[in-house]
file input.cif (mmCIF, C-alpha atoms and all ligand atoms)
data_target
loop_
_atom_site.label_atom_id
_atom_site.label_comp_id
_atom_site.auth_asym_id
_atom_site.auth_seq_id
_atom_site.Cartn_x
_atom_site.Cartn_y
_atom_site.Cartn_z
CA GLY P 30 74.39 79.13 -223.32
CA PHE P 31 71.44 76.77 -223.25
CA ARG P 32 68.71 77.21 -225.82
CA CYS P 33 65.10 76.14 -225.46
CA GLY P 34 62.86 76.08 -228.51
CA ILE P 35 59.17 76.85 -227.97
CA VAL P 36 57.03 74.73 -230.30
CA GLY P 37 53.34 73.85 -230.64
CA LEU P 38 50.41 74.02 -233.02
CA PRO P 39 49.15 77.46 -234.09
CA ASN P 40 46.96 79.36 -231.61
CA VAL P 41 47.99 77.45 -228.49
CA GLY P 42 49.64 80.49 -226.86
CA LYS P 43 53.30 80.17 -227.89
CA SER P 44 53.82 83.83 -228.76
CA THR P 45 51.89 85.01 -225.72
CA LEU P 46 54.12 82.89 -223.50
CA PHE P 47 57.34 83.82 -225.31
CA ASN P 48 56.57 87.54 -225.10
CA ALA P 49 55.68 87.29 -221.43
CA LEU P 50 58.79 85.29 -220.56
CA THR P 51 61.18 87.61 -222.32
CA LYS P 52 59.59 90.89 -221.25
CA THR P 53 58.78 90.21 -217.65
CA ALA P 54 60.53 92.52 -215.20
CA ALA P 55 62.16 89.64 -213.34
CA ALA P 56 63.63 88.34 -216.57
CA GLN P 57 65.42 91.62 -216.99
CA ALA P 58 66.32 92.36 -213.41
CA ALA P 59 69.90 92.15 -214.51
CA ASN P 60 72.59 94.43 -215.68
CA TYR P 61 72.18 93.05 -219.11
CA PRO P 62 69.44 94.86 -220.93
CA PHE P 63 66.94 92.61 -222.63
CA CYS P 64 68.54 91.66 -225.87
CA THR P 65 67.00 90.31 -228.98
CA ILE P 66 69.71 88.28 -230.66
CA GLU P 67 67.55 87.57 -233.67
CA PRO P 68 63.81 87.73 -234.31
CA ASN P 69 61.90 85.50 -231.91
CA THR P 70 64.92 84.84 -229.74
CA GLY P 71 65.09 86.18 -226.20
CA ASP P 72 67.54 85.87 -223.36
CA VAL P 73 65.97 85.35 -219.95
CA ALA P 74 67.64 85.75 -216.57
CA VAL P 75 67.34 82.56 -214.52
CA PRO P 76 65.61 83.56 -211.29
CA ASP P 77 67.44 82.27 -208.23
CA PRO P 78 66.82 83.77 -204.76
CA ARG P 79 70.18 82.42 -203.54
CA MET P 80 71.98 85.17 -205.48
CA LYS P 81 70.45 87.86 -203.31
CA ALA P 82 71.45 86.06 -200.11
CA ILE P 83 75.04 85.70 -201.28
CA ALA P 84 75.25 89.27 -202.59
CA GLY P 85 74.01 90.63 -199.25
CA ILE P 86 76.81 88.87 -197.39
CA ALA P 87 79.53 89.55 -199.98
CA LYS P 88 78.33 93.19 -200.23
CA SER P 89 78.33 92.83 -204.00
CA GLN P 90 77.54 95.90 -206.08
CA ASN P 91 75.86 93.82 -208.76
CA ILE P 92 73.97 90.59 -209.17
CA ILE P 93 74.44 88.85 -212.48
CA PRO P 94 72.14 85.90 -213.05
CA THR P 95 72.84 83.12 -215.50
CA ARG P 96 70.82 83.25 -218.73
CA ILE P 97 68.77 80.85 -220.76
CA THR P 98 67.73 81.54 -224.35
CA PHE P 99 64.19 80.96 -225.60
CA VAL P 100 63.45 80.68 -229.30
CA ASP P 101 59.87 81.01 -230.54
CA ILE P 102 59.81 78.41 -233.31
CA ALA P 103 56.68 79.11 -235.31
CA GLY P 104 55.49 77.38 -238.42
CA LEU P 105 54.52 73.91 -237.42
CA VAL P 106 51.67 72.44 -239.44
CA ARG P 107 50.64 68.93 -240.35
CA GLY P 108 53.00 67.86 -243.13
CA ALA P 109 55.99 69.84 -241.82
CA SER P 110 58.18 66.76 -242.22
CA LYS P 111 57.27 66.82 -245.93
CA GLY P 112 58.36 70.43 -246.17
CA GLU P 113 54.81 71.85 -246.05
CA GLY P 114 54.43 75.45 -244.94
CA LEU P 115 57.55 76.54 -243.14
CA GLY P 116 58.31 72.88 -242.45
CA ASN P 117 61.97 72.72 -243.38
CA GLN P 118 62.89 75.90 -241.56
CA PHE P 119 60.91 74.71 -238.56
CA LEU P 120 62.82 71.43 -238.38
CA ALA P 121 66.18 73.16 -238.88
CA ASN P 122 65.39 75.51 -235.99
CA ILE P 123 64.54 72.60 -233.70
CA ARG P 124 67.80 70.87 -234.57
CA GLU P 125 69.68 73.82 -233.07
CA VAL P 126 68.13 73.82 -229.59
CA ASP P 127 69.13 71.86 -226.48
CA ALA P 128 65.58 71.28 -225.30
CA ILE P 129 62.04 71.65 -226.56
CA VAL P 130 59.34 73.53 -224.70
CA HIS P 131 56.16 72.15 -226.23
CA VAL P 132 53.14 74.37 -225.55
CA LEU P 133 49.77 72.59 -225.47
CA ARG P 134 46.40 74.27 -225.45
CA CYS P 135 44.59 73.23 -222.28
CA PHE P 136 42.17 76.18 -222.18
CA GLU P 137 38.66 76.33 -223.61
CA ASP P 138 37.76 79.54 -225.44
CA ASP P 139 35.23 79.51 -228.27
CA ASP P 140 36.56 82.82 -229.56
CA ILE P 141 39.96 81.34 -230.30
CA THR P 142 40.02 78.90 -233.16
CA HIS P 143 41.71 75.59 -232.63
CA VAL P 144 43.35 74.31 -235.83
CA GLU P 145 41.86 70.86 -235.28
CA GLY P 146 38.51 72.17 -234.07
CA ARG P 147 38.65 70.60 -230.59
CA ILE P 148 40.61 70.83 -227.33
CA ASP P 149 42.68 67.69 -226.95
CA PRO P 150 46.27 68.43 -225.88
CA VAL P 151 47.39 64.79 -225.92
CA ALA P 152 46.25 64.43 -229.54
CA ASP P 153 47.90 67.80 -230.35
CA ALA P 154 51.17 66.59 -228.85
CA GLU P 155 50.93 63.49 -231.03
CA THR P 156 50.34 65.61 -234.14
CA VAL P 157 53.48 67.64 -233.51
CA GLU P 158 55.48 64.62 -232.40
CA THR P 159 54.45 62.68 -235.51
CA GLU P 160 56.01 65.31 -237.76
CA LEU P 161 59.22 65.16 -235.74
CA MET P 162 59.24 61.35 -235.75
CA LEU P 163 58.73 61.25 -239.52
CA ALA P 164 61.65 63.65 -239.98
CA ASP P 165 63.84 61.50 -237.70
CA LEU P 166 62.80 58.32 -239.47
CA GLU P 167 63.68 59.74 -242.84
CA SER P 168 67.06 61.06 -241.72
CA LEU P 169 67.96 57.83 -239.85
CA GLU P 170 66.96 55.52 -242.70
CA ARG P 171 69.15 57.58 -244.98
CA ARG P 172 72.17 57.61 -242.64
CA ILE P 173 72.00 54.01 -241.42
CA VAL P 174 72.70 52.53 -244.87
CA ASN P 175 76.13 54.11 -244.88
CA THR P 176 76.79 53.28 -241.22
CA ARG P 177 75.95 49.60 -241.82
CA LYS P 178 78.44 49.49 -244.68
CA LYS P 179 81.17 51.11 -242.60
CA ALA P 180 80.45 48.84 -239.63
CA THR P 181 80.92 45.79 -241.86
CA GLY P 182 84.33 47.25 -242.68
CA LYS P 183 85.02 47.41 -238.91
CA ASP P 184 85.03 51.22 -238.81
CA LYS P 185 85.22 52.03 -235.08
CA GLU P 186 82.89 55.03 -235.09
CA ALA P 187 80.32 53.18 -237.16
CA LEU P 188 80.50 50.15 -234.86
CA ALA P 189 79.71 52.37 -231.88
CA GLN P 190 76.91 54.23 -233.66
CA LEU P 191 75.15 51.35 -235.36
CA PRO P 192 73.52 49.68 -232.33
CA ILE P 193 72.29 53.09 -231.15
CA MET P 194 70.87 53.86 -234.58
CA GLU P 195 69.19 50.45 -234.70
CA LYS P 196 67.59 51.05 -231.30
CA ALA P 197 66.39 54.51 -232.32
CA LEU P 198 65.01 53.15 -235.58
CA ALA P 199 63.17 50.33 -233.81
CA VAL P 200 61.50 52.76 -231.42
CA LEU P 201 60.51 55.11 -234.26
CA ASN P 202 59.06 52.18 -236.20
CA GLU P 203 56.85 51.45 -233.17
CA GLY P 204 55.56 55.01 -233.51
CA LYS P 205 57.38 56.29 -230.42
CA PRO P 206 59.81 59.19 -229.99
CA VAL P 207 63.52 58.32 -229.70
CA ARG P 208 63.69 59.61 -226.11
CA VAL P 209 61.76 56.48 -225.10
CA ALA P 210 64.78 54.39 -226.22
CA ALA P 211 67.09 56.65 -224.21
CA LYS P 212 65.35 55.65 -220.99
CA GLU P 213 67.12 52.27 -221.09
CA MET P 214 70.54 53.50 -222.25
CA ASP P 215 73.71 53.94 -220.19
CA ALA P 216 75.67 57.20 -220.17
CA GLU P 217 77.94 56.20 -223.07
CA GLU P 218 75.00 55.14 -225.26
CA LYS P 219 73.18 58.36 -224.42
CA ARG P 220 76.24 60.31 -225.52
CA GLU P 221 76.24 58.48 -228.87
CA LEU P 222 72.53 59.13 -229.21
CA ARG P 223 72.97 62.86 -228.60
CA GLY P 224 75.61 62.88 -231.32
CA LEU P 225 72.97 61.75 -233.83
CA ASN P 226 71.09 65.01 -233.10
CA LEU P 227 67.65 63.53 -233.69
CA LEU P 228 64.66 65.77 -233.08
CA THR P 229 62.70 63.35 -230.89
CA SER P 230 65.70 62.54 -228.68
CA LYS P 231 65.84 66.09 -227.35
CA PRO P 232 64.46 66.59 -223.86
CA VAL P 233 60.89 67.87 -223.88
CA LEU P 234 59.03 69.95 -221.38
CA TYR P 235 55.28 70.08 -221.99
CA VAL P 236 53.75 73.39 -221.01
CA CYS P 237 50.02 73.07 -220.34
CA ASN P 238 48.55 76.47 -221.14
CA VAL P 239 45.45 76.61 -218.93
CA ALA P 240 42.82 79.27 -218.22
CA GLU P 241 43.56 81.73 -215.41
CA ALA P 242 41.18 79.92 -213.04
CA ASP P 243 43.03 76.62 -213.53
CA ALA P 244 46.55 78.02 -213.07
CA ALA P 245 46.94 76.86 -209.47
CA GLU P 246 45.52 73.36 -209.72
CA GLY P 247 45.58 72.47 -213.42
CA ASN P 248 42.61 70.72 -215.05
CA ALA P 249 41.63 67.39 -216.65
CA HIS P 250 43.53 68.29 -219.85
CA SER P 251 46.77 69.06 -218.01
CA ALA P 252 46.40 65.86 -215.95
CA ALA P 253 46.18 63.86 -219.18
CA VAL P 254 49.33 65.59 -220.45
CA ALA P 255 51.18 64.85 -217.20
CA LYS P 256 50.42 61.14 -217.60
CA MET P 257 51.64 61.13 -221.20
CA ALA P 258 54.81 62.99 -220.20
CA ALA P 259 55.59 60.51 -217.42
CA ASP P 260 55.31 57.60 -219.87
CA GLN P 261 57.83 59.31 -222.18
CA GLY P 262 60.28 60.53 -219.58
CA ALA P 263 59.36 64.16 -220.37
CA GLY P 264 58.51 66.97 -217.93
CA THR P 265 55.34 69.05 -217.49
CA VAL P 266 54.53 72.50 -216.18
CA VAL P 267 51.07 74.06 -215.80
CA ILE P 268 51.08 77.71 -216.81
CA SER P 269 48.50 80.31 -217.76
CA ALA P 270 50.04 82.33 -220.57
CA ALA P 271 47.40 84.98 -219.91
CA ILE P 272 48.59 85.35 -216.30
CA GLU P 273 52.21 85.47 -217.41
CA ALA P 274 51.31 88.20 -219.90
CA GLU P 275 49.65 90.17 -217.08
CA ILE P 276 52.70 89.75 -214.82
CA ALA P 277 54.98 90.98 -217.59
CA GLN P 278 53.11 94.31 -217.57
CA LEU P 279 53.06 94.83 -213.82
CA PRO P 280 55.62 96.87 -211.92
CA GLU P 281 57.83 94.49 -209.94
CA ASP P 282 56.45 95.52 -206.53
CA GLU P 283 52.91 94.55 -207.55
CA VAL P 284 53.73 91.05 -208.78
CA GLY P 285 53.58 89.45 -205.31
CA ASP P 286 50.04 90.67 -204.57
CA TYR P 287 48.84 89.66 -208.01
CA LEU P 288 50.27 86.15 -207.67
CA GLU P 289 48.66 85.78 -204.26
CA ALA P 290 45.29 86.81 -205.67
CA MET P 291 45.68 84.12 -208.35
CA GLY P 292 46.61 81.53 -205.72
CA LEU P 293 50.15 81.16 -207.02
CA ALA P 294 53.39 81.01 -205.03
CA GLU P 295 55.63 82.19 -207.87
CA PRO P 296 55.56 83.22 -211.53
CA GLY P 297 55.32 80.50 -214.14
CA LEU P 298 58.69 81.57 -215.48
CA ASP P 299 60.36 80.36 -212.29
CA ARG P 300 58.65 76.98 -212.46
CA LEU P 301 59.33 76.65 -216.16
CA ILE P 302 63.03 77.35 -215.74
CA ARG P 303 63.38 75.02 -212.76
CA ALA P 304 61.66 72.23 -214.67
CA GLY P 305 63.98 72.97 -217.61
CA TYR P 306 67.04 72.74 -215.37
CA ASP P 307 65.89 69.39 -213.99
CA LEU P 308 65.16 68.09 -217.45
CA LEU P 309 68.54 69.15 -218.80
CA ASP P 310 70.36 68.02 -215.64
CA LEU P 311 71.75 71.52 -215.09
CA ILE P 312 73.04 73.01 -211.85
CA THR P 313 74.19 76.46 -210.76
CA TYR P 314 77.35 77.50 -208.98
CA PHE P 315 78.22 81.02 -207.81
CA THR P 316 81.14 83.39 -207.71
CA ALA P 317 80.95 86.21 -205.16
CA GLY P 318 82.92 89.35 -204.45
CA PRO P 319 82.51 93.08 -203.84
CA LYS P 320 82.09 93.74 -207.56
CA GLU P 321 79.45 91.13 -208.24
CA THR P 322 77.67 87.96 -207.24
CA ARG P 323 77.27 85.89 -210.31
CA ALA P 324 75.52 82.62 -211.16
CA TRP P 325 76.94 80.12 -213.67
CA THR P 326 75.26 77.12 -215.28
CA VAL P 327 76.93 73.75 -215.75
CA GLY P 328 75.73 70.20 -216.34
CA LYS P 329 75.39 67.84 -213.36
CA GLY P 330 78.64 65.89 -212.99
CA THR P 331 80.87 68.73 -214.25
CA LYS P 332 84.32 68.80 -212.65
CA ALA P 333 85.89 71.97 -211.21
CA PRO P 334 88.23 72.80 -214.15
CA GLN P 335 85.43 72.53 -216.73
CA ALA P 336 83.14 74.57 -214.47
CA ALA P 337 85.86 77.23 -214.35
CA GLY P 338 86.04 77.04 -218.15
CA VAL P 339 82.49 78.40 -218.36
CA ILE P 340 83.87 81.69 -217.00
CA HIS P 341 86.95 81.73 -219.20
CA THR P 342 88.91 79.10 -221.11
CA ASP P 343 92.10 80.32 -219.36
CA PHE P 344 90.57 79.36 -216.00
CA GLU P 345 90.23 75.80 -217.25
CA LYS P 346 93.65 75.57 -218.94
CA GLY P 347 95.54 76.97 -215.96
CA PHE P 348 93.32 75.45 -213.26
CA ILE P 349 95.14 74.87 -209.94
CA ARG P 350 92.38 74.53 -207.37
CA ALA P 351 89.00 75.88 -206.35
CA GLN P 352 88.14 77.27 -202.95
CA THR P 353 84.65 75.87 -202.48
CA ILE P 354 82.00 76.77 -199.91
CA ALA P 355 78.59 75.08 -199.91
CA PHE P 356 75.72 77.60 -200.22
CA ASP P 357 74.29 76.72 -196.78
CA ASP P 358 77.70 77.15 -195.14
CA TYR P 359 78.30 80.44 -196.97
CA VAL P 360 75.02 81.89 -195.76
CA GLY P 361 75.00 80.18 -192.36
CA LEU P 362 78.56 81.20 -191.46
CA GLY P 363 78.34 84.76 -192.74
CA GLY P 364 80.37 84.38 -195.91
CA GLU P 365 83.95 83.57 -196.87
CA VAL P 366 85.67 84.67 -193.66
CA GLY P 367 83.27 82.83 -191.37
CA ALA P 368 83.35 79.72 -193.54
CA LYS P 369 87.16 79.74 -193.50
CA GLU P 370 87.24 80.05 -189.70
CA ALA P 371 84.83 77.15 -189.39
CA GLY P 372 86.94 75.04 -191.74
CA LYS P 373 84.15 74.98 -194.32
CA ALA P 374 86.11 76.58 -197.17
CA ARG P 375 87.44 73.50 -198.93
CA ASP P 376 90.33 73.45 -201.37
CA GLU P 377 89.14 71.25 -204.19
CA GLY P 378 91.25 69.88 -207.04
CA LYS P 379 90.82 68.77 -210.64
CA GLU P 380 88.61 65.79 -209.87
CA TYR P 381 86.08 67.68 -207.75
CA VAL P 382 82.53 67.36 -209.04
CA VAL P 383 80.69 70.66 -208.61
CA VAL P 384 77.59 70.61 -206.39
CA ASP P 385 74.54 72.82 -206.99
CA GLY P 386 74.91 76.01 -204.92
CA ASP P 387 78.70 75.87 -204.46
CA VAL P 388 80.31 79.28 -203.99
CA MET P 389 83.63 78.98 -205.81
CA LEU P 390 86.86 80.91 -206.15
CA PHE P 391 89.29 79.58 -208.74
CA LYS P 392 93.08 79.70 -208.46
CA PHE P 393 94.78 79.36 -211.81
CA ASN P 394 98.04 79.95 -213.70
CA VAL P 395 98.02 82.41 -216.54
P1 LIG P 401 50.51 80.91 -231.06
O1 LIG P 401 49.92 80.87 -232.44
O2 LIG P 401 50.65 79.54 -230.49
O3 LIG P 401 51.74 81.72 -230.92
O4 LIG P 401 49.37 81.56 -230.14
P2 LIG P 401 49.23 83.05 -229.59
O5 LIG P 401 50.12 83.26 -228.42
O6 LIG P 401 49.32 84.00 -230.71
O7 LIG P 401 47.75 82.97 -229.04
C1 LIG P 401 46.66 82.75 -229.90
C2 LIG P 401 45.43 83.39 -229.29
O8 LIG P 401 45.09 82.71 -228.08
C3 LIG P 401 45.65 84.85 -228.92
O9 LIG P 401 44.46 85.54 -229.23
C4 LIG P 401 45.87 84.81 -227.42
O10 LIG P 401 45.45 85.99 -226.80
C5 LIG P 401 45.02 83.63 -227.00
N1 LIG P 401 45.52 83.00 -225.78
C6 LIG P 401 46.80 82.63 -225.51
N2 LIG P 401 46.88 82.10 -224.27
C7 LIG P 401 45.63 82.12 -223.76
C8 LIG P 401 45.06 81.70 -222.51
O11 LIG P 401 45.76 81.21 -221.60
N3 LIG P 401 43.71 81.86 -222.37
C9 LIG P 401 42.94 82.40 -223.34
N4 LIG P 401 41.61 82.51 -223.15
N5 LIG P 401 43.44 82.83 -224.51
C10 LIG P 401 44.77 82.69 -224.72
#

call {"tool": "encode", "arguments": {"input": "input.cif", "output": "structure tokens"}}
result
Amino acid sequence: GFRCGIVGLPNVGKSTLFNALTKTAAAQAANYPFCTIEPNTGDVAVPDPRMKAIAGIAKSQNIIPTRITFVDIAGLVRGASKGEGLGNQFLANIREVDAIVHVLRCFEDDDITHVEGRIDPVADAETVETELMLADLESLERRIVNTRKKATGKDKEALAQLPIMEKALAVLNEGKPVRVAAKEMDAEEKRELRGLNLLTSKPVLYVCNVAEADAAEGNAHSAAVAKMAADQGAGTVVISAAIEAEIAQLPEDEVGDYLEAMGLAEPGLDRLIRAGYDLLDLITYFTAGPKETRAWTVGKGTKAPQAAGVIHTDFEKGFIRAQTIAFDDYVGLGGEVGAKEAGKARDEGKEYVVVDGDVMLFKFNV
């Protein structure tokens, strides 16, 4: 599954947010009990109201959402790239995630110490980013020597990697994260770049942790973060960790009223996950039957056999075809039977690119 690492300076609200996200009732409204895979790692159900609509029509006994894993990566301090504090462990943990959720303190509260003694989320982001850039710079400078040598010897892999490494190095030397270089790369170059597994090339979602009163509209701090994020090609979400913590303690039937009182349409978790999906270019397809309606996550552009492979490798190996019904058709035509009668249940083959919301039934050889 996909893993998001929560990072940020101390005392910005990381743990509060992590605990709220992984303990909230909605996150566990699944047949899977909440499971702690390892300390500070939590699996969260991806909220998606389409599941309920499908399950109602398919008369499914169960709804099984797709999951996303959050890892609370503590231990960042100035000097982490030099191995200060828990620096090395911190960097190793970041290397293992698909995306970074970077929590920034956008709330004023004199009772809660800020490590730098002032509220300035853009400067905080730079502090964290600097450590990551220094770590990338060091690792790239080390690796590029060897790649240059190999490229001179016409090694194919090195010839493909070298221009990407040079671009990444140039951007880092300008004091910018590698993801800035990715903005001008084509798909093939981006694939090479991902292979380098640099810390600052990972997608970032900035979470502006604001006071309760600012949760609906944000504030001047979160606006400054949004501007910075846009310049970098990163995403932003405004969240009040305090509100999320409150929601996590409420019985499910009281959440709606509470959100309304706070002027919010939905929990922060929903917005955070949606923003994460957009950032990672992920989509959801569904399988539906009397036993269960289930959501599955794949990358945008995934073809039918590989999408089937997410369920089971045998589905991919023996793939024949996929009966595919668009979500709107499935719901609008009353499910599989109605969609078939209306000619909206398509038989798609190996080259079909899955669309977000597709309700799919795979035919395969065993
Ligand atoms: P971490 O060090 O980044 O994990 O931060 P914590 O989640 O432990 O939070 C540090 C302190 O800030 C705790 O006392 C929290 O209760 C408090 N805190 C977290 N989020 C908010 C918030 O949105 N508003 C206020 N006023 N305090 C918060």

call {"tool": "atom_distance", "arguments": {"input": "input.cif", "atom1": "atom CA of Glu158 of chain P", "atom2": "atom CA of Asn238 of chain P"}}
result
17.8 Å

call {"tool": "residues_near_ligand", "arguments": {"input": "input.cif", "ligand": "ligand LIG 401 (chain P)", "cutoff": "9 Å", "atoms": "only C-alpha atoms and all ligand atoms", "output": "short mmCIF file (atom, residue, chain, number, x, y, z; two decimals) with C-alpha atoms, in the frame of the given file"}}
result
data_model
loop_
_atom_site.label_atom_id
_atom_site.label_comp_id
_atom_site.auth_asym_id
_atom_site.auth_seq_id
_atom_site.Cartn_x
_atom_site.Cartn_y
_atom_site.Cartn_z
CA VAL P 36 57.03 74.73 -230.30
CA GLY P 37 53.34 73.85 -230.64
CA LEU P 38 50.41 74.02 -233.02
CA PRO P 39 49.15 77.46 -234.09
CA ASN P 40 46.96 79.36 -231.61
CA VAL P 41 47.99 77.45 -228.49
CA GLY P 42 49.64 80.49 -226.86
CA LYS P 43 53.30 80.17 -227.89
CA SER P 44 53.82 83.83 -228.76
CA THR P 45 51.89 85.01 -225.72
CA LEU P 46 54.12 82.89 -223.50
CA PHE P 47 57.34 83.82 -225.31
CA ASN P 48 56.57 87.54 -225.10
CA ASP P 101 59.87 81.01 -230.54
CA ALA P 103 56.68 79.11 -235.31
CA GLY P 104 55.49 77.38 -238.42
CA VAL P 132 53.14 74.37 -225.55
CA LEU P 133 49.77 72.59 -225.47
CA ARG P 134 46.40 74.27 -225.45
CA CYS P 135 44.59 73.23 -222.28
CA PHE P 136 42.17 76.18 -222.18
CA GLU P 137 38.66 76.33 -223.61
CA ASP P 138 37.76 79.54 -225.44
CA ASP P 139 35.23 79.51 -228.27
CA ASP P 140 36.56 82.82 -229.56
CA ILE P 141 39.96 81.34 -230.30
CA THR P 142 40.02 78.90 -233.16
CA ASN P 238 48.55 76.47 -221.14
CA VAL P 239 45.45 76.61 -218.93
CA ALA P 240 42.82 79.27 -218.22
CA GLU P 241 43.56 81.73 -215.41
CA ILE P 268 51.08 77.71 -216.81
CA SER P 269 48.50 80.31 -217.76
CA ALA P 270 50.04 82.33 -220.57
CA ALA P 271 47.40 84.98 -219.91
CA ILE P 272 48.59 85.35 -216.30
CA GLU P 273 52.21 85.47 -217.41
CA ALA P 274 51.31 88.20 -219.90
#

call {"tool": "atom_distance", "arguments": {"input": "input.cif", "atom1": "atom CA of Ala187 of chain P", "atom2": "atom CA of Glu213 of chain P"}}
result
20.8 Å

call {"tool": "closest_residue", "arguments": {"input": "input.cif", "among": "P:His341, P:Ile302, P:His131, P:Gly372", "to": "Thr156 of chain P", "atoms": "only C-alpha atoms"}}
result
P:His131

call {"tool": "atom_distance", "arguments": {"input": "input.cif", "atom1": "atom CA of Ser89 of chain P", "atom2": "atom CA of Lys369 of chain P"}}
result
19.0 Å

call {"tool": "residues_around", "arguments": {"input": "input.cif", "residues": "Ala263 of chain P", "least_positions_apart": "2", "cutoff": "7 Å", "atoms": "all atoms listed in the file", "output": "mmCIF file with C-alpha atoms, in the coordinates of the input"}}
result
data_model
loop_
_atom_site.group_PDB
_atom_site.id
_atom_site.type_symbol
_atom_site.label_atom_id
_atom_site.label_comp_id
_atom_site.auth_asym_id
_atom_site.auth_seq_id
_atom_site.Cartn_x
_atom_site.Cartn_y
_atom_site.Cartn_z
ATOM 1 C CA PRO P 232 64.460 66.590 -223.860
ATOM 2 C CA VAL P 233 60.890 67.870 -223.880
ATOM 3 C CA LEU P 234 59.030 69.950 -221.380
ATOM 4 C CA ALA P 258 54.810 62.990 -220.200
ATOM 5 C CA ALA P 259 55.590 60.510 -217.420
ATOM 6 C CA GLN P 261 57.830 59.310 -222.180
ATOM 7 C CA THR P 265 55.340 69.050 -217.490
#

call {"tool": "closest_residue", "arguments": {"input": "input.cif", "among": "P:Arg375, P:Arg79, P:Lys392, P:Lys332", "to": "Ile349 of chain P", "atoms": "all atoms listed in the file"}}
result
P:Lys392

call {"tool": "residues_around", "arguments": {"input": "input.cif", "residues": "Thr313 of chain P", "least_positions_apart": "2", "cutoff": "8 Å", "atoms": "only C-alpha atoms", "output": "compact mmCIF listing (two decimals) with C-alpha atoms, in the frame of the given file"}}
result
# COMPACT_ATOMS: atom_id res chain seq x y z
CA LEU P 311 71.75 71.52 -215.09
CA PHE P 315 78.22 81.02 -207.81
CA ALA P 324 75.52 82.62 -211.16
CA TRP P 325 76.94 80.12 -213.67
CA THR P 326 75.26 77.12 -215.28
CA VAL P 327 76.93 73.75 -215.75
CA ASP P 385 74.54 72.82 -206.99
CA GLY P 386 74.91 76.01 -204.92
CA ASP P 387 78.70 75.87 -204.46

call {"tool": "residues_around", "arguments": {"input": "input.cif", "residues": "segment 346-348 of chain P", "least_positions_apart": "4", "cutoff": "12 Å", "atoms": "only C-alpha atoms", "output": "PyMOL selection string"}}
result
chain P and resi 332-342+352+377-381+390-395

call {"tool": "residues_around", "arguments": {"input": "input.cif", "residues": "Asp357 of chain P", "least_positions_apart": "4", "cutoff": "12 Å", "atoms": "all atoms listed in the file", "output": "list of chain:residue names"}}
result
P:Arg79, P:Ala82, P:Ile83, P:Thr353, P:Gly361, P:Leu362, P:Gly363, P:Gly364, P:Glu365, P:Ala368, P:Lys373, P:Ala374, P:Val384, P:Asp385, P:Gly386, P:Asp387, P:Val388

call {"tool": "write_last_selection", "arguments": {"input": "input.cif", "atoms": "C-alpha atoms", "output": "PDB file, keeping the file's coordinate frame"}}
result
ATOM      1  CA  ARG P  79      70.180  82.420-203.540  1.00  0.00           C
ATOM      2  CA  ALA P  82      71.450  86.060-200.110  1.00  0.00           C
ATOM      3  CA  ILE P  83      75.040  85.700-201.280  1.00  0.00           C
ATOM      4  CA  THR P 353      84.650  75.870-202.480  1.00  0.00           C
ATOM      5  CA  GLY P 361      75.000  80.180-192.360  1.00  0.00           C
ATOM      6  CA  LEU P 362      78.560  81.200-191.460  1.00  0.00           C
ATOM      7  CA  GLY P 363      78.340  84.760-192.740  1.00  0.00           C
ATOM      8  CA  GLY P 364      80.370  84.380-195.910  1.00  0.00           C
ATOM      9  CA  GLU P 365      83.950  83.570-196.870  1.00  0.00           C
ATOM     10  CA  ALA P 368      83.350  79.720-193.540  1.00  0.00           C
ATOM     11  CA  LYS P 373      84.150  74.980-194.320  1.00  0.00           C
ATOM     12  CA  ALA P 374      86.110  76.580-197.170  1.00  0.00           C
ATOM     13  CA  VAL P 384      77.590  70.610-206.390  1.00  0.00           C
ATOM     14  CA  ASP P 385      74.540  72.820-206.990  1.00  0.00           C
ATOM     15  CA  GLY P 386      74.910  76.010-204.920  1.00  0.00           C
ATOM     16  CA  ASP P 387      78.700  75.870-204.460  1.00  0.00           C
ATOM     17  CA  VAL P 388      80.310  79.280-203.990  1.00  0.00           C
TER      18      VAL P 388
END

call {"tool": "closest_residue", "arguments": {"input": "input.cif", "among": "P:Arg323, P:Arg147, P:Lys178, P:Arg350", "to": "Ala87 of chain P", "atoms": "only C-alpha atoms"}}
result
P:Arg323

call {"tool": "closest_residue", "arguments": {"input": "input.cif", "among": "P:Met389, P:Leu228, P:Val207, P:Ile35", "to": "Thr322 of chain P", "atoms": "only C-alpha atoms"}}
result
P:Met389

call {"tool": "residues_near_point", "arguments": {"input": "input.cif", "point": "(67.9, 61.9, -242.8)", "cutoff": "12 Å", "atoms": "only C-alpha atoms", "output": "list in words"}}
result
Ser110, Leu120, Leu161, Met162, Leu163, Ala164, Asp165, Leu166, Glu167, Ser168, Leu169, Glu170, Arg171, Arg172, Ile173, Val174, Asn175, Met194, Leu198, Leu225, Asn226, Leu227 and Leu228 of chain P

call {"tool": "closest_residue", "arguments": {"input": "input.cif", "among": "P:Gly305, P:Ala128, P:Leu293, P:Ile92", "to": "Arg223 of chain P", "atoms": "only C-alpha atoms"}}
result
P:Ala128

call {"tool": "closest_residue", "arguments": {"input": "input.cif", "among": "P:Gly34, P:Gly146, P:Pro76, P:Gly367", "to": "Val130 of chain P", "atoms": "only C-alpha atoms"}}
result
P:Gly34
